[in-house]
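Engineer: Input data_1.cif, format and content: mmCIF, C-alpha atoms.
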data_entry
#
loop_
_atom_site.label_atom_id
_atom_site.label_comp_id
_atom_site.auth_asym_id
_atom_site.auth_seq_id
_atom_site.Cartn_x
_atom_site.Cartn_y
_atom_site.Cartn_z
CA MET Z 6 159.75 32.92 206.20
CA ALA Z 7 162.66 30.65 205.34
CA THR Z 8 163.20 29.26 201.84
CA TYR Z 9 162.59 25.55 201.41
CA ARG Z 10 164.19 23.40 198.73
CA ARG Z 11 162.32 20.16 199.46
CA LEU Z 12 158.98 21.49 200.71
CA VAL Z 13 156.12 23.72 199.60
CA ILE Z 14 154.50 25.48 202.53
CA ASN Z 15 150.95 26.80 202.71
CA GLU Z 16 148.95 28.09 205.62
CA VAL Z 17 145.31 27.23 206.22
CA GLY Z 18 144.18 29.13 209.30
CA ASP Z 19 146.60 28.21 212.06
CA VAL Z 20 147.66 25.01 210.32
CA THR Z 21 150.78 24.65 208.17
CA VAL Z 22 150.15 22.43 205.17
CA VAL Z 23 153.28 20.88 203.71
CA HIS Z 24 153.63 19.43 200.20
CA PHE Z 25 156.76 17.66 199.02
CA ARG Z 26 158.72 18.69 195.95
CA ASP Z 27 160.19 15.20 195.52
CA GLN Z 28 158.18 12.41 193.97
CA LYS Z 29 160.52 9.87 195.52
CA ILE Z 30 161.77 10.36 199.07
CA ILE Z 31 164.69 7.99 199.09
CA GLU Z 32 168.12 9.41 198.60
CA ASP Z 33 169.97 9.70 201.92
CA LEU Z 34 171.23 13.27 201.61
CA ARG Z 35 167.87 14.50 200.36
CA ILE Z 36 166.11 12.82 203.27
CA GLN Z 37 168.50 14.56 205.66
CA GLU Z 38 167.75 17.89 204.01
CA LEU Z 39 164.03 17.15 204.09
CA GLY Z 40 164.27 16.36 207.79
CA GLN Z 41 166.13 19.58 208.55
CA GLU Z 42 163.46 21.60 206.76
CA LEU Z 43 160.60 19.83 208.55
CA PHE Z 44 162.29 20.18 211.93
CA GLN Z 45 162.92 23.87 211.24
CA LEU Z 46 159.19 24.42 210.84
CA VAL Z 47 158.63 23.22 214.39
CA GLU Z 48 161.80 24.26 216.17
CA SER Z 49 162.67 27.61 214.57
CA GLU Z 50 159.32 28.80 213.26
CA ASN Z 51 157.38 27.38 216.19
CA ARG Z 52 154.60 25.92 214.03
CA LYS Z 53 152.54 23.57 216.14
CA LYS Z 54 149.90 22.26 213.76
CA LEU Z 55 151.18 20.48 210.67
CA VAL Z 56 149.50 18.57 207.87
CA LEU Z 57 151.84 16.68 205.55
CA ASN Z 58 150.19 16.16 202.17
CA PHE Z 59 151.74 13.22 200.28
CA SER Z 60 149.73 13.61 197.07
CA SER Z 61 152.86 14.21 195.00
CA VAL Z 62 154.85 11.38 196.58
CA ASP Z 63 154.88 8.01 194.84
CA PHE Z 64 157.68 6.36 196.77
CA LEU Z 65 159.40 6.56 200.15
CA SER Z 66 161.81 4.38 202.09
CA SER Z 67 162.16 3.49 205.76
CA ALA Z 68 164.69 6.32 206.17
CA ALA Z 69 161.88 8.75 205.37
CA LEU Z 70 159.70 7.05 208.00
CA GLY Z 71 162.48 7.74 210.49
CA VAL Z 72 162.31 11.46 209.70
CA LEU Z 73 158.53 11.44 210.21
CA ILE Z 74 158.91 9.72 213.59
CA LYS Z 75 161.46 12.32 214.71
CA LEU Z 76 159.18 15.10 213.48
CA ASP Z 77 156.24 13.63 215.38
CA LYS Z 78 158.29 13.64 218.59
CA LYS Z 79 159.28 17.28 218.08
CA VAL Z 80 155.68 18.29 217.42
CA LYS Z 81 154.46 16.43 220.50
CA ALA Z 82 157.19 18.03 222.61
CA LYS Z 83 155.65 21.39 221.69
CA GLN Z 84 152.13 20.13 222.46
CA GLY Z 85 151.40 20.39 218.76
CA ARG Z 86 149.51 18.14 216.33
CA LEU Z 87 150.66 16.37 213.19
CA ALA Z 88 148.52 14.67 210.56
CA LEU Z 89 149.38 12.97 207.26
CA CYS Z 90 147.10 12.78 204.25
CA CYS Z 91 146.72 11.79 200.60
CA ILE Z 92 149.00 8.76 200.92
CA ARG Z 93 148.75 6.41 197.96
CA PRO Z 94 147.81 2.78 198.74
CA GLU Z 95 151.26 1.24 198.20
CA ILE Z 96 152.83 3.73 200.60
CA PHE Z 97 150.02 3.33 203.11
CA GLU Z 98 150.84 -0.37 203.06
CA VAL Z 99 154.32 0.55 204.33
CA PHE Z 100 152.75 2.41 207.27
CA LYS Z 101 150.42 -0.51 207.97
CA ILE Z 102 153.09 -3.21 207.88
CA THR Z 103 155.25 -1.25 210.31
CA ASN Z 104 152.25 -0.39 212.54
CA LEU Z 105 153.01 3.29 212.06
CA ASN Z 106 149.40 3.83 211.02
CA ARG Z 107 148.78 3.58 214.78
CA VAL Z 108 151.37 6.22 215.57
CA PHE Z 109 150.32 8.88 213.06
CA ILE Z 110 146.99 10.51 212.35
CA ILE Z 111 146.46 9.51 208.72
CA LYS Z 112 143.52 10.80 206.66
CA SER Z 113 142.57 10.17 203.07
CA ASP Z 114 142.25 13.82 202.10
CA GLU Z 115 143.50 17.19 203.22
CA SER Z 116 140.21 18.53 204.56
CA ASP Z 117 139.86 15.51 206.86
CA ALA Z 118 143.43 16.01 208.04
CA LEU Z 119 142.79 19.69 208.75
CA ALA Z 120 139.67 18.76 210.69
CA ALA Z 121 141.58 16.13 212.68
CA ILE Z 122 144.05 18.56 214.20
CA MET B 199 170.81 -20.87 203.84
CA ARG B 200 170.71 -21.31 200.08
CA LEU B 201 167.78 -20.48 197.92
CA ALA B 202 166.20 -23.39 196.15
CA MET B 203 167.57 -23.85 192.65
CA SER B 204 165.08 -23.07 189.97
CA ASP B 205 164.72 -23.81 186.30
CA GLU B 206 164.18 -20.17 185.48
CA THR B 207 165.16 -18.92 182.07
CA TRP B 208 166.80 -15.59 182.69
CA VAL B 209 165.95 -13.05 180.05
CA TRP B 210 168.04 -10.27 181.56
CA GLN B 211 170.84 -10.12 184.06
CA CYS B 212 173.37 -7.66 185.32
CA GLU B 213 176.22 -7.39 187.79
CA ARG B 214 177.21 -4.04 189.21
CA VAL B 215 179.71 -2.91 191.81
CA ILE B 216 179.05 0.40 193.53
CA PRO B 217 181.02 2.48 196.03
CA SER B 218 179.88 2.80 199.65
CA GLN B 219 178.43 6.27 199.27
CA ALA B 220 174.96 7.55 200.10
CA GLY B 221 172.83 7.43 196.97
CA ALA B 222 175.31 5.30 195.01
CA GLY B 223 172.68 2.62 194.47
CA GLN B 224 170.21 4.89 192.70
CA CYS B 225 171.50 4.19 189.22
CA VAL B 226 171.25 0.41 189.78
CA GLU B 227 167.74 0.77 191.20
CA ASP B 228 166.73 2.85 188.20
CA GLU B 229 168.26 0.33 185.79
CA ILE B 230 166.41 -2.62 187.33
CA VAL B 231 163.12 -0.70 187.54
CA ARG B 232 163.46 0.33 183.88
CA GLU B 233 163.88 -3.32 182.90
CA LEU B 234 160.86 -4.41 184.97
CA GLU B 235 158.76 -1.68 183.37
CA ARG B 236 159.98 -2.67 179.91
CA LEU B 237 158.78 -6.21 180.65
CA GLN B 238 155.49 -4.76 181.93
CA TRP B 239 155.68 -6.08 185.47
CA PRO B 240 152.68 -4.90 187.52
CA PRO B 241 153.30 -1.46 189.09
CA ARG B 242 152.70 -2.87 192.57
CA ASP B 243 155.48 -5.42 192.05
CA VAL B 244 157.78 -2.70 190.76
CA PHE B 245 157.05 -0.62 193.88
CA SER B 246 157.77 -3.62 196.12
CA ILE B 247 161.03 -4.45 194.39
CA ARG B 248 162.29 -0.87 194.44
CA LEU B 249 161.48 -0.61 198.13
CA ALA B 250 163.24 -3.86 199.07
CA LEU B 251 166.21 -3.00 196.87
CA GLU B 252 166.52 0.48 198.38
CA GLU B 253 166.42 -0.95 201.92
CA ALA B 254 168.99 -3.64 201.11
CA LEU B 255 171.36 -1.19 199.43
CA VAL B 256 171.15 1.30 202.29
CA ASN B 257 171.82 -1.53 204.76
CA ALA B 258 174.86 -2.66 202.76
CA ILE B 259 176.34 0.82 202.31
CA LYS B 260 175.53 2.22 205.75
CA HIS B 261 175.46 -0.71 208.18
CA GLY B 262 177.61 -3.21 206.26
CA ASN B 263 180.40 -1.07 204.85
CA HIS B 264 179.90 1.95 207.17
CA PHE B 265 180.37 4.32 204.20
CA ASP B 266 183.99 3.11 203.95
CA ALA B 267 185.32 4.46 200.65
CA THR B 268 187.64 1.46 200.26
CA LYS B 269 184.73 -1.01 200.37
CA HIS B 270 182.19 -1.81 197.68
CA VAL B 271 178.75 -3.33 197.31
CA ARG B 272 178.19 -6.00 194.65
CA ILE B 273 174.76 -6.41 193.11
CA GLN B 274 173.77 -9.35 190.94
CA CYS B 275 170.36 -9.32 189.31
CA TYR B 276 168.58 -12.05 187.33
CA LEU B 277 165.24 -11.57 185.69
CA SER B 278 162.97 -14.15 184.06
CA PRO B 279 159.45 -13.52 182.75
CA THR B 280 158.06 -14.58 186.13
CA LEU B 281 160.82 -14.16 188.71
CA LEU B 282 163.31 -11.54 189.84
CA ARG B 283 166.32 -12.51 191.93
CA ILE B 284 168.79 -9.99 193.33
CA SER B 285 171.82 -10.64 195.51
CA ILE B 286 173.49 -7.78 197.35
CA ALA B 287 176.81 -8.35 199.10
CA ASP B 288 178.85 -5.93 201.19
CA GLU B 289 182.35 -6.24 202.65
CA GLY B 290 181.29 -5.82 206.26
CA GLU B 291 181.49 -8.28 209.11
CA GLY B 292 177.89 -9.32 208.65
CA PHE B 293 175.13 -9.54 211.21
CA ASN B 294 172.47 -11.89 212.51
CA PRO B 295 169.04 -10.77 211.25
CA ALA B 296 167.47 -12.45 214.29
CA ASP B 297 169.19 -9.83 216.48
CA ILE B 298 167.14 -7.01 214.95
CA PRO B 299 164.31 -6.07 217.35
CA ASP B 300 160.74 -6.31 216.10
CA PRO B 301 159.95 -2.75 214.93
CA THR B 302 156.22 -3.33 215.41
CA ASP B 303 156.65 -4.06 219.13
CA PRO B 304 155.02 -1.13 220.96
CA ALA B 305 158.31 -0.51 222.78
CA ASN B 306 160.06 0.01 219.43
CA LEU B 307 157.39 1.86 217.48
CA ASP B 308 158.93 5.28 218.00
CA ARG B 309 162.44 4.24 216.98
CA PRO B 310 163.47 6.08 213.83
CA SER B 311 165.23 3.08 212.27
CA GLY B 312 165.18 -0.74 212.16
CA ARG B 313 162.34 -1.31 209.67
CA GLY B 314 164.28 -2.19 206.52
CA ILE B 315 164.44 -5.95 206.93
CA MET B 316 160.78 -6.18 207.90
CA LEU B 317 159.84 -4.25 204.76
CA MET B 318 162.02 -6.49 202.59
CA ARG B 319 160.36 -9.58 204.02
CA SER B 320 156.88 -8.10 203.64
CA PHE B 321 157.22 -6.91 200.07
CA MET B 322 159.30 -9.72 198.56
CA SER B 323 158.44 -13.40 198.04
CA ARG B 324 161.67 -14.57 199.63
CA VAL B 325 164.53 -12.99 201.58
CA GLU B 326 167.59 -14.98 202.61
CA PHE B 327 170.86 -13.98 204.25
CA ASN B 328 174.09 -15.91 203.95
CA GLU B 329 175.59 -17.41 207.09
CA ARG B 330 177.96 -14.50 207.68
CA GLY B 331 175.15 -12.02 207.19
CA ASN B 332 176.89 -9.80 204.66
CA GLN B 333 174.85 -10.92 201.66
CA VAL B 334 171.12 -10.87 201.13
CA THR B 335 169.22 -12.50 198.30
CA LEU B 336 165.81 -11.15 197.40
CA GLU B 337 163.26 -12.89 195.20
CA LYS B 338 159.97 -11.64 193.85
CA GLY B 339 157.55 -13.71 191.82
CA ARG B 340 155.57 -11.77 189.27
CA SER B 341 151.98 -11.22 190.39
CA PRO B 342 149.14 -12.26 188.10
CA PRO B 343 147.59 -9.35 186.21
CA GLU B 344 144.83 -7.61 188.12
CA PRO B 345 141.37 -7.97 186.55
CA PRO B 346 139.83 -4.80 185.16
CA PRO B 347 137.81 -2.98 187.85
CA ASP B 348 134.45 -3.73 186.24
CA THR B 349 135.09 -7.49 185.96
CA PRO B 350 132.91 -9.36 188.47
CA ALA B 351 134.89 -11.65 190.78
CA ARG B 352 134.42 -15.38 190.16
CA THR B 353 133.17 -17.40 193.07
#
Here is the file; what I need is its structure written in the form of structure tokens.

Structural biologist:
Amino acid sequence: MATYRRLVINEVGDVTVVHFRDQKIIEDLRIQELGQELFQLVESENRKKLVLNFSSVDFLSSAALGVLIKLDKKVKAKQGRLALCCIRPEIFEVFKITNLNRVFIIKSDESDALAAI
Amino acid sequence: MRLAMSDETWVWQCERVIPSQAGAGQCVEDEIVRELERLQWPPRDVFSIRLALEEALVNAIKHGNHFDATKHVRIQCYLSPTLLRISIADEGEGFNPADIPDPTDPANLDRPSGRGIMLMRSFMSRVEFNERGNQVTLEKGRSPPEPPPDTPART
């Protein structure tokens, strides 16, 4: 398995659970690196069921949302499933304002997210 | 459009000029956030301000100055006990904010970009662009303190 600088990867059954090493997902170059690592999971490692756990993330910008949208497209192109969980209220507000809570499967905890995909 | 003049008493202010490089605004963001935290602004306000500031700085560096190393971004920040005002100016040609498509329109929902201005407007009390569109002024009024969780709401 590849080494990840921005992500921590765990497997629960056939689902890949991703935690983030960064508390704040903002800086442009880091977001690019984060995107490359997430895309690699789907494109190179052929993982089709992903849960992104945001419990360690206390801030993200719209550039990070862009990475998640691209990831969602890549997962869907492989007939896979993507769910997000453990998003703190301020960040969830960002998803709500942009209507992205309608695009993503978002659950309050990891077990619900695992069950949803 | 100009912001309404106010009688605010500024207790802290700063002016910074940063290069047009990815991540160059981080130190200014951190400086302003530190000051807000020192003055005990509510965490939700601090989150909102950091988000709007991040979006405005990225817009200025990326879309305004196109990462041009010869161009700079100027940030002016004024802070009173109840109001924060930040102006961010780039050296680009400017743009018309009305030309930005609504990112919540179903046709645009899967676009990876174009949400910054909407987030600024949602999280700040006031967002104004100058006529040329190369300067944005953000204002945030300090929220009242939240009551403790066990305090019954008054009716």

Engineer: Please provide the set of residues having any atom within 10 Å of Lys338 in chain B, restricted to only C-alpha atoms, with same-chain residues fewer than 2 positions apart removed, written as JSON, numbers by chain.

Structural biologist: {"B": [243, 244, 246, 247, 250, 277, 280, 281, 282, 283, 284, 321, 322, 323, 324, 325, 336, 340, 341]}

Engineer: Quick one: distance from CA of Pro304 in chain B to CA of Gly331 in chain B in Å, one decimal?

Structural biologist: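 Between these atoms lies a distance of 26.7 Å.
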
Engineer: Mind checking which residues fall within 7 Å of range 20-31 of chain Z, counting only C-alpha atoms, ignoring those fewer than 3 positions away in the same chain, and posting them as a ChimeraX atom specification?

Structural biologist: /Z:11-17,36,54-59,61-66,69

Engineer: Quick one, how far is CA of Glu252 in chain B from CA of Asp228 in chain B?

Structural biologist: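 These two atoms are separated by 10.5 Å.
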
Engineer: If the cut-off is 8 Å, can you tell me the residues of chain Z near chain B, counting all atoms listed in the file? I'd like them as a count of residues only.

Structural biologist: 21

Engineer: In the coordinates of the file, take the point (174.4, -0.8, 189.6) and a cut-off of 8 Å; then, counting all atoms listed in the file, name each qualifying protein, DNA or RNA residue as a PDB file with C-alpha atoms, keeping the file's coordinate frame.

Structural biologist:
ATOM      1  CA  GLU B 213     176.220  -7.390 187.790  1.00  0.00           C
ATOM      2  CA  ARG B 214     177.210  -4.040 189.210  1.00  0.00           C
ATOM      3  CA  VAL B 215     179.710  -2.910 191.810  1.00  0.00           C
ATOM      4  CA  ILE B 216     179.050   0.400 193.530  1.00  0.00           C
ATOM      5  CA  GLY B 223     172.680   2.620 194.470  1.00  0.00           C
ATOM      6  CA  GLN B 224     170.210   4.890 192.700  1.00  0.00           C
ATOM      7  CA  CYS B 225     171.500   4.190 189.220  1.00  0.00           C
ATOM      8  CA  VAL B 226     171.250   0.410 189.780  1.00  0.00           C
ATOM      9  CA  GLU B 227     167.740   0.770 191.200  1.00  0.00           C
ATOM     10  CA  GLU B 229     168.260   0.330 185.790  1.00  0.00           C
ATOM     11  CA  ILE B 273     174.760  -6.410 193.110  1.00  0.00           C
TER      12      ILE B 273
END

Engineer: Can you list what the PyMOL selection byres ((chain B and resi 271) around 9) grabs from this structure, as a ChimeraX atom specification?

Structural biologist: /B:214-218,223,255,258-259,263,269-270,272-273,286-289

Engineer: Next, write the just-selected residues to a file, as a short mmCIF file (atom, residue, chain, number, x, y, z; two decimals), in the coordinates of the input, keeping C-alpha atoms as the atom set.

Structural biologist:
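Output below, filename result.cif:
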data_model
loop_
_atom_site.label_atom_id
_atom_site.label_comp_id
_atom_site.auth_asym_id
_atom_site.auth_seq_id
_atom_site.Cartn_x
_atom_site.Cartn_y
_atom_site.Cartn_z
CA ARG B 214 177.21 -4.04 189.21
CA VAL B 215 179.71 -2.91 191.81
CA ILE B 216 179.05 0.40 193.53
CA PRO B 217 181.02 2.48 196.03
CA SER B 218 179.88 2.80 199.65
CA GLY B 223 172.68 2.62 194.47
CA LEU B 255 171.36 -1.19 199.43
CA ALA B 258 174.86 -2.66 202.76
CA ILE B 259 176.34 0.82 202.31
CA ASN B 263 180.40 -1.07 204.85
CA LYS B 269 184.73 -1.01 200.37
CA HIS B 270 182.19 -1.81 197.68
CA ARG B 272 178.19 -6.00 194.65
CA ILE B 273 174.76 -6.41 193.11
CA ILE B 286 173.49 -7.78 197.35
CA ALA B 287 176.81 -8.35 199.10
CA ASP B 288 178.85 -5.93 201.19
CA GLU B 289 182.35 -6.24 202.65
#

Engineer: One decimal, in Å: what's the spacing between CA of Gly85 in chain Z and CA of Leu39 in chain Z?

Structural biologist: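 Taking CA of Gly85 in chain Z as the start and CA of Leu39 in chain Z as the end point, the length is 19.6 Å.
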
Engineer: Selection in question (the file shown): the PyMOL selection byres ((chain Z and resi 120) around 12). Which residues does it include, as a short mmCIF file (atom, residue, chain, number, x, y, z; two decimals) with C-alpha atoms, in the coordinates of the input?

Structural biologist:
data_model
loop_
_atom_site.label_atom_id
_atom_site.label_comp_id
_atom_site.auth_asym_id
_atom_site.auth_seq_id
_atom_site.Cartn_x
_atom_site.Cartn_y
_atom_site.Cartn_z
CA VAL Z 17 145.31 27.23 206.22
CA GLY Z 18 144.18 29.13 209.30
CA ASP Z 19 146.60 28.21 212.06
CA VAL Z 20 147.66 25.01 210.32
CA LYS Z 54 149.90 22.26 213.76
CA LEU Z 55 151.18 20.48 210.67
CA VAL Z 56 149.50 18.57 207.87
CA ARG Z 86 149.51 18.14 216.33
CA LEU Z 87 150.66 16.37 213.19
CA ALA Z 88 148.52 14.67 210.56
CA LEU Z 89 149.38 12.97 207.26
CA CYS Z 90 147.10 12.78 204.25
CA ILE Z 110 146.99 10.51 212.35
CA ILE Z 111 146.46 9.51 208.72
CA LYS Z 112 143.52 10.80 206.66
CA SER Z 113 142.57 10.17 203.07
CA ASP Z 114 142.25 13.82 202.10
CA GLU Z 115 143.50 17.19 203.22
CA SER Z 116 140.21 18.53 204.56
CA ASP Z 117 139.86 15.51 206.86
CA ALA Z 118 143.43 16.01 208.04
CA LEU Z 119 142.79 19.69 208.75
CA ALA Z 121 141.58 16.13 212.68
CA ILE Z 122 144.05 18.56 214.20
#
